[in-house]
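> Handing you this structure, nothing more for now.
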Amino acid sequence: MRPPTLVRLALAGTRTDTLRVVLTALSAALAALIALAALTVLAIPTPPMVGDNWSSQNSTQYTNNVLIEPGLRPGVVIALILLTIPVLALAGQCARLGAPARERRLAAIRLAGATPGQAIAIIATETGVASLLGTGFGTAVYLVGRRVLHRPDAEGRLALPTDVLPAPGALIAVLIGLPLLTALIGAFLARRTVITPFRVYRRTRRDGSPWPWPGVLIALGLFAAGSADSINRRYGGDNGADQGLMILLLLGGGVLAALGVVLGTGWLSYTSGRLLHRFGRSPATLLAARRLIADPWTGSRTFGAMLAAVLFGAGAAGARAYFQADDRVREAVQRQHALAAGQPQIVELNDPFYLRTVELVDVAVIVALSIAAAGLLVALVEGIVSRRRAYAALIATGVPASVLGRSVAWQALAPVVPAIVMALTVGVLLARGFFGTPSHGGYSYTVCDAGPALCDNPATSAEYSRTVAEPLVGGSVPVPLAELALYGAGALGAVLVMVGVGLLFLRRSTTLTELRVA
């Protein structure tokens, strides 16, 4: 099949196919913007160090500390990379929108003589072309925004790194790599779909019930985060190797825990379905229970990005609680030091830089939740449209439309509520394991109670000197219940809104004429 023919067949279709291409292109544009922002931060040059002065490496042309200090920029890049996870999940969900109609068209193409590989190639080409258009649009927005946002202040300092550009090779990698990755995702999602000249069927049924083995990944992630705190307390984390190992343990632990939470949704869905089937009495709960038992892995595909965002948001809330508790311990140590030295108890306020950085993480989590909610909407609509014949058959047999609507709501909420609680708990435990509990003091020092003339003289300084031993002051880190409740309520509210919007499509998809759809 020649490339022009392949592209023409990939982009042909109805308005639903056009909507799928547009949504995939928008997802790719958003992913391109995030990737280019991360590459821009990496492109910031670091001045050479002068002597032993570490501050000489700071990029003083910026106003934000996360851009000024070179040691903090990798954290910004990692946060941006993590933000691409819900974007790629959204792209994957958009690629499945209107899949039944596309598969019927592909079956007709198979009937005309196309091979199974060519049918999968059409799916991958459609996703790749849409992603290529979106990536080009996102790159154009990035270049225009770079000029618009380049606004130096009175001192010539910038709020954003609009004075640097990623390397040409990095730009080419984004323009080519993202469409290629999206095309591979589209082909991967279609791997279980068998397109024959006469019908389309899916090899998606798995034998047996899910096992709670993802709990092992969560345990490994928490152990890795706790190991980082132990390394910091034992070795002090003063050299670069210790700091690199701590960052590796934190990232590895976070990824393992996030995978455990996402994959564990299958077991939660199956268990929720079993409980609904055991204790449910209404037709809506029984319909939802059978659907959850039949396909418990739907939750992992649908809510995965949202649960990952909730987990990292809970981790940010735990980090904020630690920094606040650390400030209180530092203030207590400063008061003790001033009292022991006979000085006025003037407590200097600590730099709120870390708390401001956590607030930036909160903004990133809110953006990720919004993107994940959009992916959830696409997944719900795709699920309703793909099962419209089954829903129409239930309506024809006398099942009220309200019962179907409640069953869809039960199917969405039954697994997501315990999954959100699990994500919040794991996120807080990750932060607690990595940061531990704050403690300061526990050292001794010499104080001279005489004037400079007597204290500076070795012959008389010992007579007027005394040793002061400060006790180790520790503090407990409270559980940030308010922030956790806010994240949980926000995620649950997003699910409720998306379910409500999805039910609007259910009304159109349950007409009796859908029974005649081939």
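In the structure tokens, the first chain shown is A, the next is B, and so on; residue numbers restart at 1 for each chain, and ligands run from 1 in the order shown.
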Set the distance at 12 Å and use only C-alpha atoms: which residues neighbour Ile34 in chain A once local chain neighbours fewer than 6 positions away are removed? I'd like the list as a short mmCIF file (atom, residue, chain, number, x, y, z; two decimals) with all heavy atoms, in the first residue's frame.

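What ended up in part27.cif:
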data_model
loop_
_atom_site.label_atom_id
_atom_site.label_comp_id
_atom_site.auth_asym_id
_atom_site.auth_seq_id
_atom_site.Cartn_x
_atom_site.Cartn_y
_atom_site.Cartn_z
N SER A 27 -4.10 16.76 22.03
CA SER A 27 -3.30 16.09 23.06
C SER A 27 -1.82 16.13 22.70
O SER A 27 -0.96 16.37 23.56
CB SER A 27 -3.78 14.64 23.22
OG SER A 27 -5.15 14.59 23.53
N ALA A 28 -1.51 15.88 21.44
CA ALA A 28 -0.11 15.93 21.01
C ALA A 28 0.45 17.34 21.13
O ALA A 28 1.63 17.51 21.48
CB ALA A 28 0.00 15.42 19.57
N THR A 40 13.71 23.41 27.39
CA THR A 40 14.17 24.79 27.57
C THR A 40 14.85 24.96 28.92
O THR A 40 15.89 25.64 29.03
CB THR A 40 12.98 25.76 27.44
OG1 THR A 40 12.35 25.59 26.17
CG2 THR A 40 13.44 27.19 27.58
N VAL A 41 14.29 24.36 29.96
CA VAL A 41 14.92 24.44 31.28
C VAL A 41 16.29 23.75 31.25
O VAL A 41 17.27 24.24 31.84
CB VAL A 41 14.01 23.81 32.34
CG1 VAL A 41 14.70 23.77 33.70
CG2 VAL A 41 12.71 24.60 32.46
N VAL A 76 12.47 20.58 38.29
CA VAL A 76 11.48 21.17 37.39
C VAL A 76 11.28 20.28 36.16
O VAL A 76 10.16 20.03 35.72
CB VAL A 76 11.92 22.59 36.97
CG1 VAL A 76 10.92 23.20 36.01
CG2 VAL A 76 12.08 23.47 38.20
N VAL A 77 12.39 19.78 35.62
CA VAL A 77 12.30 18.92 34.43
C VAL A 77 11.55 17.63 34.76
O VAL A 77 10.69 17.17 33.98
CB VAL A 77 13.71 18.61 33.91
CG1 VAL A 77 13.65 17.62 32.75
CG2 VAL A 77 14.40 19.90 33.46
N ILE A 78 11.84 17.05 35.92
CA ILE A 78 11.15 15.81 36.31
C ILE A 78 9.66 16.06 36.48
O ILE A 78 8.82 15.24 36.07
CB ILE A 78 11.78 15.26 37.60
CG1 ILE A 78 13.20 14.77 37.32
CG2 ILE A 78 10.95 14.13 38.18
CD1 ILE A 78 13.98 14.43 38.56
N ALA A 79 9.29 17.20 37.09
CA ALA A 79 7.86 17.52 37.26
C ALA A 79 7.18 17.66 35.90
O ALA A 79 6.04 17.19 35.71
CB ALA A 79 7.71 18.79 38.08
N LEU A 80 7.85 18.29 34.95
CA LEU A 80 7.26 18.44 33.62
C LEU A 80 7.14 17.10 32.91
O LEU A 80 6.14 16.84 32.22
CB LEU A 80 8.11 19.40 32.79
CG LEU A 80 8.08 20.87 33.22
CD1 LEU A 80 9.10 21.69 32.44
CD2 LEU A 80 6.68 21.46 33.01
N ILE A 81 8.13 16.23 33.08
CA ILE A 81 8.05 14.91 32.46
C ILE A 81 6.90 14.11 33.06
O ILE A 81 6.15 13.43 32.35
CB ILE A 81 9.38 14.17 32.64
CG1 ILE A 81 10.48 14.86 31.81
CG2 ILE A 81 9.27 12.70 32.21
CD1 ILE A 81 11.86 14.28 32.02
N LEU A 82 6.74 14.20 34.38
CA LEU A 82 5.61 13.49 35.01
C LEU A 82 4.27 14.05 34.53
O LEU A 82 3.27 13.33 34.48
CB LEU A 82 5.72 13.60 36.54
CG LEU A 82 6.89 12.86 37.19
CD1 LEU A 82 6.92 13.13 38.68
CD2 LEU A 82 6.79 11.37 36.92
N LEU A 83 4.26 15.33 34.19
CA LEU A 83 3.02 15.94 33.71
C LEU A 83 2.62 15.40 32.34
O LEU A 83 1.45 15.49 31.95
CB LEU A 83 3.19 17.46 33.65
CG LEU A 83 1.92 18.31 33.51
CD1 LEU A 83 0.97 18.05 34.66
CD2 LEU A 83 2.27 19.79 33.44
N THR A 84 3.57 14.83 31.60
CA THR A 84 3.22 14.26 30.29
C THR A 84 2.49 12.93 30.42
O THR A 84 1.90 12.47 29.43
CB THR A 84 4.50 14.03 29.45
OG1 THR A 84 5.38 13.13 30.15
CG2 THR A 84 5.21 15.34 29.19
N ILE A 85 2.52 12.30 31.60
CA ILE A 85 1.84 11.00 31.75
C ILE A 85 0.34 11.12 31.50
O ILE A 85 -0.22 10.37 30.69
CB ILE A 85 2.14 10.41 33.14
CG1 ILE A 85 3.64 10.09 33.26
CG2 ILE A 85 1.31 9.15 33.38
CD1 ILE A 85 4.04 9.59 34.61
N PRO A 86 -0.38 12.05 32.17
CA PRO A 86 -1.82 12.17 31.85
C PRO A 86 -2.07 12.64 30.43
O PRO A 86 -3.11 12.31 29.85
CB PRO A 86 -2.33 13.17 32.89
CG PRO A 86 -1.14 13.93 33.34
CD PRO A 86 -0.01 12.96 33.27
N VAL A 87 -1.14 13.40 29.85
CA VAL A 87 -1.34 13.86 28.47
C VAL A 87 -1.28 12.67 27.51
O VAL A 87 -2.11 12.53 26.61
CB VAL A 87 -0.29 14.92 28.10
CG1 VAL A 87 -0.44 15.33 26.65
CG2 VAL A 87 -0.43 16.13 29.00
N LEU A 88 -0.28 11.79 27.70
CA LEU A 88 -0.20 10.61 26.85
C LEU A 88 -1.38 9.67 27.08
O LEU A 88 -1.87 9.03 26.14
CB LEU A 88 1.11 9.87 27.12
CG LEU A 88 2.39 10.61 26.70
CD1 LEU A 88 3.63 9.82 27.09
CD2 LEU A 88 2.39 10.89 25.20
N THR A 135 1.72 18.23 17.05
CA THR A 135 3.07 18.59 17.48
C THR A 135 3.56 19.84 16.76
O THR A 135 4.19 20.72 17.36
CB THR A 135 4.02 17.42 17.23
OG1 THR A 135 3.53 16.25 17.89
CG2 THR A 135 5.40 17.73 17.72
N GLY A 138 1.74 22.72 18.35
CA GLY A 138 2.30 23.02 19.67
C GLY A 138 3.65 23.71 19.58
O GLY A 138 3.95 24.61 20.36
N THR A 139 4.48 23.30 18.63
CA THR A 139 5.78 23.96 18.44
C THR A 139 5.61 25.41 18.01
O THR A 139 6.34 26.30 18.47
CB THR A 139 6.61 23.18 17.41
OG1 THR A 139 6.73 21.82 17.83
CG2 THR A 139 7.99 23.78 17.25
N VAL A 141 3.03 27.32 18.71
CA VAL A 141 2.58 28.06 19.90
C VAL A 141 3.75 28.34 20.84
O VAL A 141 3.85 29.43 21.43
CB VAL A 141 1.47 27.26 20.62
CG1 VAL A 141 1.12 27.89 21.96
CG2 VAL A 141 0.22 27.17 19.75
N TYR A 142 4.65 27.38 20.97
CA TYR A 142 5.82 27.57 21.83
C TYR A 142 6.70 28.71 21.32
O TYR A 142 7.14 29.57 22.09
CB TYR A 142 6.61 26.27 21.90
CG TYR A 142 8.01 26.43 22.44
CD1 TYR A 142 8.24 26.55 23.81
CD2 TYR A 142 9.12 26.46 21.58
CE1 TYR A 142 9.53 26.69 24.30
CE2 TYR A 142 10.40 26.60 22.07
CZ TYR A 142 10.60 26.72 23.43
OH TYR A 142 11.87 26.87 23.92
N VAL A 174 11.57 16.06 19.32
CA VAL A 174 10.17 16.27 19.74
C VAL A 174 9.24 16.19 18.53
O VAL A 174 8.18 15.55 18.59
CB VAL A 174 10.03 17.63 20.45
CG1 VAL A 174 8.57 17.96 20.69
CG2 VAL A 174 10.79 17.60 21.77
N LEU A 178 7.49 12.41 19.24
CA LEU A 178 6.13 12.37 19.77
C LEU A 178 5.14 11.74 18.79
O LEU A 178 4.34 10.88 19.20
CB LEU A 178 5.70 13.78 20.17
CG LEU A 178 6.17 14.27 21.54
CD1 LEU A 178 5.69 15.69 21.80
CD2 LEU A 178 5.68 13.34 22.64
N ALA A 364 0.73 22.18 39.19
CA ALA A 364 0.95 21.12 38.20
C ALA A 364 -0.02 19.95 38.41
O ALA A 364 -0.53 19.37 37.44
CB ALA A 364 2.40 20.62 38.29
N VAL A 367 -3.42 20.92 37.06
CA VAL A 367 -3.43 20.80 35.60
C VAL A 367 -3.52 19.34 35.18
O VAL A 367 -4.27 18.97 34.26
CB VAL A 367 -2.16 21.46 35.02
CG1 VAL A 367 -2.07 21.22 33.52
CG2 VAL A 367 -2.18 22.97 35.29
N ALA A 368 -2.76 18.47 35.87
CA ALA A 368 -2.80 17.04 35.54
C ALA A 368 -4.18 16.45 35.80
O ALA A 368 -4.68 15.62 35.02
CB ALA A 368 -1.75 16.29 36.35
#
> Which of range 406-472 of chain A counts as strand (DSSP E) under DSSP, as a PyMOL selection string please?
chain A and resi 439-441+444-448+465-469+472
> The selected residues should be written to file as an mmCIF file, in the first residue's frame (atoms: N, CA, C and O atoms).

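The result, written out as out39.cif:
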data_model
loop_
_atom_site.group_PDB
_atom_site.id
_atom_site.type_symbol
_atom_site.label_atom_id
_atom_site.label_comp_id
_atom_site.auth_asym_id
_atom_site.auth_seq_id
_atom_site.Cartn_x
_atom_site.Cartn_y
_atom_site.Cartn_z
ATOM 1 N N SER A 439 14.177 17.047 62.867
ATOM 2 C CA SER A 439 14.914 17.104 64.134
ATOM 3 C C SER A 439 16.137 17.986 63.932
ATOM 4 O O SER A 439 16.826 17.870 62.910
ATOM 5 N N HIS A 440 16.399 18.841 64.913
ATOM 6 C CA HIS A 440 17.550 19.745 64.868
ATOM 7 C C HIS A 440 18.124 19.865 66.275
ATOM 8 O O HIS A 440 17.467 19.541 67.265
ATOM 9 N N GLY A 441 19.326 20.363 66.354
ATOM 10 C CA GLY A 441 19.998 20.476 67.644
ATOM 11 C C GLY A 441 20.853 19.251 67.911
ATOM 12 O O GLY A 441 21.347 18.588 66.994
ATOM 13 N N SER A 444 26.897 20.585 70.801
ATOM 14 C CA SER A 444 27.433 21.437 71.866
ATOM 15 C C SER A 444 28.379 22.472 71.273
ATOM 16 O O SER A 444 28.988 22.231 70.226
ATOM 17 N N TYR A 445 28.514 23.591 71.966
ATOM 18 C CA TYR A 445 29.394 24.669 71.514
ATOM 19 C C TYR A 445 29.872 25.446 72.738
ATOM 20 O O TYR A 445 29.328 25.318 73.847
ATOM 21 N N THR A 446 30.907 26.264 72.536
ATOM 22 C CA THR A 446 31.534 27.023 73.623
ATOM 23 C C THR A 446 31.101 28.480 73.555
ATOM 24 O O THR A 446 31.103 29.085 72.474
ATOM 25 N N VAL A 447 30.732 29.028 74.699
ATOM 26 C CA VAL A 447 30.305 30.424 74.802
ATOM 27 C C VAL A 447 31.232 31.124 75.777
ATOM 28 O O VAL A 447 31.516 30.610 76.878
ATOM 29 N N CYS A 448 31.725 32.316 75.416
ATOM 30 C CA CYS A 448 32.571 33.134 76.287
ATOM 31 C C CYS A 448 31.741 34.294 76.805
ATOM 32 O O CYS A 448 31.161 35.061 76.014
ATOM 33 N N SER A 465 34.962 30.917 79.664
ATOM 34 C CA SER A 465 34.224 30.133 78.662
ATOM 35 C C SER A 465 33.452 29.008 79.332
ATOM 36 O O SER A 465 33.866 28.487 80.380
ATOM 37 N N ARG A 466 32.363 28.620 78.751
ATOM 38 C CA ARG A 466 31.569 27.494 79.223
ATOM 39 C C ARG A 466 31.001 26.750 78.008
ATOM 40 O O ARG A 466 30.815 27.328 76.942
ATOM 41 N N THR A 467 30.755 25.494 78.207
ATOM 42 C CA THR A 467 30.231 24.626 77.144
ATOM 43 C C THR A 467 28.722 24.506 77.290
ATOM 44 O O THR A 467 28.220 24.222 78.388
ATOM 45 N N VAL A 468 28.053 24.754 76.216
ATOM 46 C CA VAL A 468 26.588 24.676 76.198
ATOM 47 C C VAL A 468 26.202 23.486 75.319
ATOM 48 O O VAL A 468 26.637 23.379 74.170
ATOM 49 N N ALA A 469 25.436 22.583 75.873
ATOM 50 C CA ALA A 469 24.938 21.413 75.134
ATOM 51 C C ALA A 469 23.441 21.604 74.844
ATOM 52 O O ALA A 469 22.644 21.741 75.781
ATOM 53 N N LEU A 472 18.584 17.584 71.487
ATOM 54 C CA LEU A 472 18.001 17.315 70.171
ATOM 55 C C LEU A 472 16.503 17.581 70.232
ATOM 56 O O LEU A 472 15.785 17.018 71.059
#
> Looking only at the backbone, which of the residues in range 416-504 of chain A does DSSP tag as alpha helix (DSSP H), as a VMD selection string?
chain A and resid 416 to 435 452 to 455 458 to 464 481 to 504
> Work out how far CA of Gly493 in chain A is from CA of Ala29 in chain A, in Å to one decimal.
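One can read the CA of Ala29 in chain A to CA of Gly493 in chain A distance as 26.6 Å.
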> Give me the range 366-387 of chain A side of the contact with range 310-328 of chain A, cut-off 12 Å, one line per residue showing its nearest atom pair and distance in Å at one decimal, counting only C-alpha atoms, sorted by chain and residue number, as JSON lines.

{"residue": "A:Ile366", "atom": "CA", "partner": "A:Gly313", "partner_atom": "CA", "distance": 8.3}
{"residue": "A:Val367", "atom": "CA", "partner": "A:Gly313", "partner_atom": "CA", "distance": 11.0}
{"residue": "A:Ala368", "atom": "CA", "partner": "A:Val310", "partner_atom": "CA", "distance": 9.0}
{"residue": "A:Leu369", "atom": "CA", "partner": "A:Val310", "partner_atom": "CA", "distance": 7.6}
{"residue": "A:Ser370", "atom": "CA", "partner": "A:Val310", "partner_atom": "CA", "distance": 11.3}
{"residue": "A:Ala372", "atom": "CA", "partner": "A:Val310", "partner_atom": "CA", "distance": 10.3}
{"residue": "A:Ala373", "atom": "CA", "partner": "A:Val310", "partner_atom": "CA", "distance": 11.8}
> Could those selected residues go to a file with C-alpha atoms, as a PDB file, in the first residue's frame?

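Below is the file that was written, again.pdb:
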ATOM      1  CA  ILE A 366      -4.383  20.571  39.270  1.00  0.00           C
ATOM      2  CA  VAL A 367      -3.428  20.802  35.597  1.00  0.00           C
ATOM      3  CA  ALA A 368      -2.804  17.039  35.541  1.00  0.00           C
ATOM      4  CA  LEU A 369      -6.186  16.388  37.151  1.00  0.00           C
ATOM      5  CA  SER A 370      -7.884  18.549  34.532  1.00  0.00           C
ATOM      6  CA  ALA A 372      -6.977  13.333  33.338  1.00  0.00           C
ATOM      7  CA  ALA A 373     -10.625  14.397  33.673  1.00  0.00           C
TER       8      ALA A 373
END
> State, in Å with one decimal place, the distance from CA of Ala154 in chain A to CA of Leu72 in chain A.
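Computed distance, CA of Ala154 in chain A to CA of Leu72 in chain A, equals 25.2 Å.
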> What separation in Å, quoted to one decimal, exists between CA of Tyr391 in chain A and CA of Gly405 in chain A?
10.2 Å
> Which is closer to Pro478 in chain A than all the others in A:Ser461, A:Ala431, A:Leu250, A:Cys455, using only C-alpha atoms?
A:Ala431
> Tell me which protein, DNA and RNA residues are within 8 Å of range 210-212 of chain A, counting only C-alpha atoms, leaving out same-chain ones fewer than 3 positions away, and put them as a list in words.
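So the residues in contact are Gly215, Gly264, Gly266, Trp267, Tyr270 and Pro296 of chain A.
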> Those same residues, written as an mmCIF file, in the first residue's frame with N, CA and C atoms?

data_model
loop_
_atom_site.group_PDB
_atom_site.id
_atom_site.type_symbol
_atom_site.label_atom_id
_atom_site.label_comp_id
_atom_site.auth_asym_id
_atom_site.auth_seq_id
_atom_site.Cartn_x
_atom_site.Cartn_y
_atom_site.Cartn_z
ATOM 1 N N GLY A 215 0.118 -4.672 45.159
ATOM 2 C CA GLY A 215 0.513 -4.226 46.493
ATOM 3 C C GLY A 215 1.995 -4.400 46.752
ATOM 4 N N GLY A 264 -3.378 -1.724 40.654
ATOM 5 C CA GLY A 264 -4.231 -2.264 41.707
ATOM 6 C C GLY A 264 -5.693 -1.910 41.549
ATOM 7 N N GLY A 266 -7.499 -2.699 39.086
ATOM 8 C CA GLY A 266 -8.171 -3.892 38.574
ATOM 9 C C GLY A 266 -8.682 -4.773 39.694
ATOM 10 N N TRP A 267 -7.850 -4.990 40.714
ATOM 11 C CA TRP A 267 -8.287 -5.793 41.860
ATOM 12 C C TRP A 267 -9.392 -5.082 42.633
ATOM 13 N N TYR A 270 -12.643 -5.490 40.668
ATOM 14 C CA TYR A 270 -13.202 -6.837 40.812
ATOM 15 C C TYR A 270 -13.805 -7.032 42.202
ATOM 16 N N PRO A 296 -12.711 -6.150 34.960
ATOM 17 C CA PRO A 296 -12.237 -5.312 36.078
ATOM 18 C C PRO A 296 -11.067 -4.419 35.711
#
> Closest to Ile218 in chain A among A:Ile185, A:Leu481, A:Leu256, A:Val428, using only C-alpha atoms?
A:Leu256
> If we count only C-alpha atoms and set the cut-off at 8 Å, which residues sit around Val381 in chain A, ignoring sequence neighbours fewer than 4 positions away in its own chain? Please answer as a ChimeraX atom specification.
/A:97,377,385,502,505
> Counting only C-alpha atoms, what is within 6 Å of Tyr62 in chain A, bar same-chain residues fewer than 5 positions away, as a list in words?
Ile68, Arg157, Leu158 and Ala159 of chain A
> Would you mind listing what lies within 10 Å of Val473 in chain A as a list in words, with only C-alpha atoms counted and same-chain residues fewer than 5 positions away left out?
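So, after excluding close chain neighbours, the residues are Val329, Arg330, Ala332, Val333, Gln336, Pro438, Ser439, His440, Gly441 and Gly442 of chain A.
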> Those residues you just picked out, can you put them in a file as a short mmCIF file (atom, residue, chain, number, x, y, z; two decimals), in the first residue's frame with N, CA, C and O atoms?

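The file below, result-v6.cif, is the result:
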data_model
loop_
_atom_site.label_atom_id
_atom_site.label_comp_id
_atom_site.auth_asym_id
_atom_site.auth_seq_id
_atom_site.Cartn_x
_atom_site.Cartn_y
_atom_site.Cartn_z
N VAL A 329 10.29 23.37 64.32
CA VAL A 329 11.42 22.82 65.07
C VAL A 329 12.61 23.77 65.01
O VAL A 329 13.30 24.00 66.02
N ARG A 330 12.88 24.36 63.86
CA ARG A 330 13.99 25.31 63.74
C ARG A 330 13.78 26.52 64.65
O ARG A 330 14.73 27.02 65.28
N ALA A 332 12.11 26.55 67.43
CA ALA A 332 12.33 26.12 68.81
C ALA A 332 13.82 26.02 69.12
O ALA A 332 14.28 26.42 70.21
N VAL A 333 14.62 25.52 68.18
CA VAL A 333 16.07 25.42 68.38
C VAL A 333 16.70 26.80 68.47
O VAL A 333 17.58 27.04 69.31
N GLN A 336 16.07 28.16 71.93
CA GLN A 336 16.95 27.54 72.91
C GLN A 336 18.37 28.09 72.81
O GLN A 336 19.03 28.33 73.82
N PRO A 438 11.21 15.87 61.28
CA PRO A 438 12.24 16.90 61.44
C PRO A 438 12.88 16.83 62.82
O PRO A 438 12.22 16.57 63.83
N SER A 439 14.18 17.05 62.87
CA SER A 439 14.91 17.10 64.13
C SER A 439 16.14 17.99 63.93
O SER A 439 16.83 17.87 62.91
N HIS A 440 16.40 18.84 64.91
CA HIS A 440 17.55 19.74 64.87
C HIS A 440 18.12 19.87 66.28
O HIS A 440 17.47 19.54 67.27
N GLY A 441 19.33 20.36 66.35
CA GLY A 441 20.00 20.48 67.64
C GLY A 441 20.85 19.25 67.91
O GLY A 441 21.35 18.59 66.99
N GLY A 442 21.04 18.96 69.21
CA GLY A 442 21.83 17.79 69.58
C GLY A 442 23.32 18.00 69.44
O GLY A 442 24.06 17.03 69.22
#
> Can you pull out the residues contacting range 418-423 of chain A? Cut-off 10 Å, using only C-alpha atoms, and skip same-chain residues under 5 positions away; I want them as a PyMOL selection string.
chain A and resi 257-258+260-262+264-266+268-269+272+299-300+303-304+306-315+413+428-429+484-485+487-489+491-492
> Could the residues in this selection be written to a file with C-alpha atoms, as a PDB file, in the first residue's frame?

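Written out: result.pdb:
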ATOM      1  CA  ALA A 257       4.053   3.183  43.955  1.00  0.00           C
ATOM      2  CA  ALA A 258       2.156   4.916  41.136  1.00  0.00           C
ATOM      3  CA  GLY A 260       1.009  -0.250  42.013  1.00  0.00           C
ATOM      4  CA  VAL A 261      -1.892   2.126  42.570  1.00  0.00           C
ATOM      5  CA  VAL A 262      -2.885   2.190  38.889  1.00  0.00           C
ATOM      6  CA  GLY A 264      -4.231  -2.264  41.707  1.00  0.00           C
ATOM      7  CA  THR A 265      -7.403  -0.621  40.404  1.00  0.00           C
ATOM      8  CA  GLY A 266      -8.171  -3.892  38.574  1.00  0.00           C
ATOM      9  CA  LEU A 268     -10.327  -3.011  43.479  1.00  0.00           C
ATOM     10  CA  SER A 269     -12.794  -3.072  40.567  1.00  0.00           C
ATOM     11  CA  SER A 272     -16.109  -3.837  44.319  1.00  0.00           C
ATOM     12  CA  GLY A 299     -10.604   1.044  35.851  1.00  0.00           C
ATOM     13  CA  SER A 300      -6.843   0.821  35.312  1.00  0.00           C
ATOM     14  CA  PHE A 303      -8.670   6.217  35.985  1.00  0.00           C
ATOM     15  CA  GLY A 304      -4.931   5.561  35.782  1.00  0.00           C
ATOM     16  CA  MET A 306      -6.130  10.648  37.527  1.00  0.00           C
ATOM     17  CA  LEU A 307      -4.935   8.323  40.296  1.00  0.00           C
ATOM     18  CA  ALA A 308      -1.300   9.110  39.475  1.00  0.00           C
ATOM     19  CA  ALA A 309      -2.056  12.851  39.742  1.00  0.00           C
ATOM     20  CA  VAL A 310      -3.858  12.328  43.081  1.00  0.00           C
ATOM     21  CA  LEU A 311      -0.893  10.320  44.413  1.00  0.00           C
ATOM     22  CA  PHE A 312       1.640  13.024  43.552  1.00  0.00           C
ATOM     23  CA  GLY A 313      -0.707  15.680  44.935  1.00  0.00           C
ATOM     24  CA  ALA A 314      -0.918  13.811  48.230  1.00  0.00           C
ATOM     25  CA  GLY A 315       2.872  13.533  48.214  1.00  0.00           C
ATOM     26  CA  LEU A 413     -17.798   5.301  41.309  1.00  0.00           C
ATOM     27  CA  VAL A 428       1.341  10.686  52.096  1.00  0.00           C
ATOM     28  CA  LEU A 429       3.331   7.589  53.075  1.00  0.00           C
ATOM     29  CA  LEU A 484      -5.994  15.406  51.289  1.00  0.00           C
ATOM     30  CA  ALA A 485      -9.723  15.997  51.560  1.00  0.00           C
ATOM     31  CA  TYR A 487      -7.578  16.562  46.517  1.00  0.00           C
ATOM     32  CA  GLY A 488      -9.937  13.655  47.087  1.00  0.00           C
ATOM     33  CA  ALA A 489     -13.021  15.823  46.723  1.00  0.00           C
ATOM     34  CA  ALA A 491     -10.890  14.085  41.954  1.00  0.00           C
ATOM     35  CA  LEU A 492     -14.262  12.655  42.952  1.00  0.00           C
TER      36      LEU A 492
END
> So which one's closest to Ile44 in chain A, A:Asn457, A:Thr127, A:Thr162, A:Gln411? Using only C-alpha atoms, please.
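Closest candidate: A:Thr162.
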